[in-house]
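**Q** Dumping the structure here so I can ask a few things about it.
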Amino acid sequence: MYGLILAGGSGSRLWPLSRELYPKQLINIQNTESLLQSTFERLIPFIKPEQIISLTGVKHFSNVKYQLTKLYKSPNVLSEPISKNTAPAIALGTKYLLDKLGDDVILVVPSDHLIKDVQAFEKSVIEGEKIAKAGYIVTFGIKPSYPETGYGYINITDEPIHKGYKVNKFVEKPDADSAKKYIESGKYFWNSGIFMFKASVLMNELNVCSNDIYTNLSSYDFSKSDEIPFIEYDKMPSISIDYAVMEKSDKIALLKLESDWNDLGSWKSIYDVSKKDEDGNVKIGHILDEGSKNSLIYSSSKLVATVGLEDTVIVETEDAVLACKADKTQEVKKIFDTLKKQNDNTHLVHKTVYRPWGYYTVLAQGKGFLTKMIQVNPGQKLSVQSHNHRSEHWVVLEGMAKVLLEGKEHILSPGHSIDIDIKEIHSLQNPYDEILKIIEVQKGDLLIEEDIVRYEDMYGRV
């Protein structure tokens, strides 16, 4: 069996904690690992790590690879040159596995699900494998526990297929009345977004149901090269796997997922799976509350004080605060989309941005300057790079810095500084046992992260 982890997406309904460049699957909300890492660990008991592919976009590639490297030394991470929704992504991953490893059953899982009963999950997967080997595309359905309007639904027929059922139709996110009727009928399941199929079966169904995707894939031969040409992939339609294949094919079977499941797609879902106090509150971070009930209060950096809230969600980050009624959390996506249209960076990135080598926090920004605090973890180093539009001034706060500048090595202790001019090739390194912290002051007419020319990089970003 092969595994295909879908590790793209922006997690817009979990704003302001989830951002476009650091989405929910990469975030540690309250556990010891990210949702992406949990997903990978969920698969390795029954799929060899080298037969798991994680598919993401170029903007998330380095973070995805770095997080998975903590679990397996050589994770397979494939990067889409441009996001085209789930159908092209799954098709691309399937073609990659087919060319590289041969025709076998593929389990496709999103990277943002919370599943605690791993043994029950594995048992369902093994049952699904039997149906997939019989030539069906298997979708794993969740028995609805309440009339949720934020999920898609799947309607089954009475025709049994092993321990599953033939699918009648897929239904978009319904209104409340329709969702209630679906539950009462007993014939509808939530669409989990987890699929299983033989590689050749999906390719055949793509040929029949979405020939434009199938034809585009024919130009790739991953047995010879891992290259995914932007110009060719950009011709892919932007379409979900449900629209492209699942709603058109007559080879779709549903198997009930026997484990627990939550896609953590909204703050309500975070509340549902979190431990609550005697008043039904979920408190994460530095919280001081008086008399609130059935509320989620999240603090990432500041004291959040609340009084007398009820059925409310409060989320604080360094640069934004969300406050909404608990039954309106699906609408947070509208805030995210509005910020994106307004080119407001609070949809895009946090003030604190995590990198494979550590993190940086934006302290101040104005016309022609930007100030950061940069932490480089022991044994880590930034890429050998240069900038076309900015100069930099570094001051060491803590630890020892090894700086390579135009081929010369400089060792800086706390209080010492160095200047880096535009286009000078340089690197900041921490080969020591202690954390390194520096202040970086950028000056220039274009102060953006994209202004980096990399020459060498230990994290594969060249």
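For the structure tokens, the naming scheme is as follows: chains receive sequential letters (A, B, ...) according to their order of presentation, residues are indexed from 1 within each chain, and ligands are indexed from 1 in presentation order.
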Apply DSSP to the backbone of this structure and, from range 260-390 of chain A, keep only the residues in helix (DSSP H, G or I); write these as a PyMOL selection string.
**A** chain A and resi 267-273+326-341+345-347
**Q** Write out as a list of chain:residue names which residues come within 12 Å of Lys302 in chain A when counting only C-alpha atoms, dropping same-chain ones fewer than 3 positions away.
**A**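 Counting only the stated atoms, we get A:Ile284, A:Gly285, A:His286, A:Ile287, A:Leu288, A:Ile297, A:Tyr298, A:Ser299, A:Ala305, A:Val315, A:Glu316, A:Thr317, A:Glu318, A:Asp319, A:Ala320, A:Val321.
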**Q** Hey, what's within 10 Å of Pro88 in chain A if we count only C-alpha atoms and toss same-chain stuff fewer than 5 positions away? As a PyMOL selection string, please?
**A** chain A and resi 80+83+93-94+213-214+216-217+233+236-241+244
**Q** What does the structure give for the distance between CA of Thr39 in chain A and CA of Gln51 in chain A, in Å to one decimal?
**A** 14.3 Å
**Q** Which residues, written as a list in words, have at least one atom at most 10 Å from Lys325 in chain A, with only C-alpha atoms counted and residues fewer than 3 positions away on the same chain left out?
**A**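 Listing them by chain and then by number gives Lys268, Ser295, Leu296, Leu309, Glu310, Asp311, Thr312, Val313, Ile314, Lys328 and Thr329 of chain A.
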**Q** What does the file look like for those residues with N, CA and C atoms, as a PDB file, in the first residue's frame?
**A**
ATOM      1  N   LYS A 268     -15.035  25.965  16.218  1.00  0.00           N
ATOM      2  CA  LYS A 268     -16.013  25.107  16.897  1.00  0.00           C
ATOM      3  C   LYS A 268     -15.488  23.685  17.019  1.00  0.00           C
ATOM      4  N   SER A 295     -17.363  28.622  26.336  1.00  0.00           N
ATOM      5  CA  SER A 295     -16.600  29.479  25.424  1.00  0.00           C
ATOM      6  C   SER A 295     -15.197  28.930  25.208  1.00  0.00           C
ATOM      7  N   LEU A 296     -14.620  29.296  24.063  1.00  0.00           N
ATOM      8  CA  LEU A 296     -13.227  28.973  23.767  1.00  0.00           C
ATOM      9  C   LEU A 296     -12.435  30.264  23.821  1.00  0.00           C
ATOM     10  N   LEU A 309     -18.643  35.827  29.442  1.00  0.00           N
ATOM     11  CA  LEU A 309     -18.917  35.399  28.069  1.00  0.00           C
ATOM     12  C   LEU A 309     -19.774  34.133  28.069  1.00  0.00           C
ATOM     13  N   GLU A 310     -20.500  33.927  26.979  1.00  0.00           N
ATOM     14  CA  GLU A 310     -21.272  32.705  26.833  1.00  0.00           C
ATOM     15  C   GLU A 310     -21.343  32.334  25.352  1.00  0.00           C
ATOM     16  N   ASP A 311     -20.993  31.082  25.056  1.00  0.00           N
ATOM     17  CA  ASP A 311     -21.015  30.589  23.671  1.00  0.00           C
ATOM     18  C   ASP A 311     -20.229  31.517  22.748  1.00  0.00           C
ATOM     19  N   THR A 312     -19.013  31.841  23.143  1.00  0.00           N
ATOM     20  CA  THR A 312     -18.187  32.816  22.422  1.00  0.00           C
ATOM     21  C   THR A 312     -16.807  32.234  22.153  1.00  0.00           C
ATOM     22  N   VAL A 313     -16.204  32.692  21.062  1.00  0.00           N
ATOM     23  CA  VAL A 313     -14.836  32.318  20.719  1.00  0.00           C
ATOM     24  C   VAL A 313     -13.972  33.580  20.702  1.00  0.00           C
ATOM     25  N   ILE A 314     -12.891  33.564  21.464  1.00  0.00           N
ATOM     26  CA  ILE A 314     -11.905  34.649  21.480  1.00  0.00           C
ATOM     27  C   ILE A 314     -10.550  34.033  21.143  1.00  0.00           C
ATOM     28  N   LYS A 328     -20.983  30.813  14.747  1.00  0.00           N
ATOM     29  CA  LYS A 328     -20.627  31.566  13.541  1.00  0.00           C
ATOM     30  C   LYS A 328     -19.194  31.311  13.077  1.00  0.00           C
ATOM     31  N   THR A 329     -18.550  30.283  13.624  1.00  0.00           N
ATOM     32  CA  THR A 329     -17.125  30.086  13.319  1.00  0.00           C
ATOM     33  C   THR A 329     -16.870  29.695  11.872  1.00  0.00           C
TER      34      THR A 329
END
**Q** Find the distance between CA of Lys437 in chain A and CA of Ser18 in chain A and write it in Å to one decimal.
**A**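 That distance, rounded to one decimal, is 25.4 Å.
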**Q** Excluding range 347-364 of chain A and its own-chain neighbours fewer than 6 positions away, which residues fall within 9 Å of it when counting only C-alpha atoms? Please give them as an mmCIF file with C-alpha atoms, in the first residue's frame.
**A**
data_model
loop_
_atom_site.group_PDB
_atom_site.id
_atom_site.type_symbol
_atom_site.label_atom_id
_atom_site.label_comp_id
_atom_site.auth_asym_id
_atom_site.auth_seq_id
_atom_site.Cartn_x
_atom_site.Cartn_y
_atom_site.Cartn_z
ATOM 1 C CA SER A 12 -8.729 30.029 6.462
ATOM 2 C CA TRP A 15 -7.661 32.457 11.216
ATOM 3 C CA PRO A 16 -5.960 34.272 12.927
ATOM 4 C CA LEU A 17 -3.911 31.305 14.189
ATOM 5 C CA SER A 18 -3.725 29.730 10.732
ATOM 6 C CA ARG A 19 -2.189 31.879 7.988
ATOM 7 C CA GLU A 20 -1.669 31.305 4.288
ATOM 8 C CA LEU A 21 2.082 30.789 4.671
ATOM 9 C CA TYR A 22 1.787 28.810 7.914
ATOM 10 C CA SER A 62 10.473 23.686 3.223
ATOM 11 C CA ASN A 63 8.313 23.652 6.377
ATOM 12 C CA LYS A 65 9.900 18.696 4.673
ATOM 13 C CA TYR A 66 11.497 20.007 7.869
ATOM 14 C CA GLN A 67 8.624 18.811 10.084
ATOM 15 C CA THR A 317 -2.334 36.332 18.238
ATOM 16 C CA GLU A 318 0.490 38.874 18.147
ATOM 17 C CA ASP A 319 -1.160 40.989 15.442
ATOM 18 C CA ILE A 335 -12.723 37.651 7.259
ATOM 19 C CA PHE A 336 -9.738 35.800 5.819
ATOM 20 C CA ASP A 337 -10.946 36.352 2.233
ATOM 21 C CA THR A 338 -11.581 40.056 2.876
ATOM 22 C CA LEU A 339 -8.071 40.544 4.273
ATOM 23 C CA LYS A 340 -6.653 38.783 1.228
ATOM 24 C CA LEU A 370 12.230 46.530 8.899
ATOM 25 C CA THR A 371 13.500 45.197 12.230
ATOM 26 C CA LYS A 372 13.466 41.524 13.246
ATOM 27 C CA MET A 373 14.583 39.385 16.144
ATOM 28 C CA ILE A 374 16.060 36.186 14.698
ATOM 29 C CA GLN A 375 16.626 32.965 16.655
ATOM 30 C CA VAL A 376 18.888 30.296 15.149
ATOM 31 C CA ASN A 377 18.758 26.973 16.959
ATOM 32 C CA PRO A 378 21.953 25.060 17.886
ATOM 33 C CA GLY A 379 23.550 23.296 14.938
ATOM 34 C CA GLN A 380 21.439 25.173 12.381
ATOM 35 C CA LYS A 381 22.251 27.758 9.728
ATOM 36 C CA LEU A 382 20.547 30.010 7.223
ATOM 37 C CA TYR A 459 17.228 22.281 3.811
#
**Q** Smallest atom-to-atom distance to Gly102 in chain A: which of A:Tyr2, A:Phe61, A:Trp267, A:Tyr136, using only C-alpha atoms?
**A** A:Tyr2
**Q** With a distance cut-off of 9 Å and only C-alpha atoms, select the neighbouring residues of Tyr96 in chain A, excluding the residue or stretch itself and same-chain residues fewer than 4 positions from it, and output the selection as a ChimeraX atom specification.
**A** /A:53,78,91-92,100-101,220-223,226
**Q** Which residues come within 6 Å of range 253-258 of chain A, counting only C-alpha atoms, excluding same-chain residues fewer than 2 positions away, as a PyMOL selection string?
**A** chain A and resi 120+124+138-142+164-167
**Q** For Lys423 in chain A, which residue out of A:Asn281, A:Ile438, A:Gln385, A:Thr346 is the nearest one, using only C-alpha atoms?
**A**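 Ranking A:Asn281, A:Ile438, A:Gln385, A:Thr346 by distance to Lys423 in chain A, first place goes to A:Gln385.
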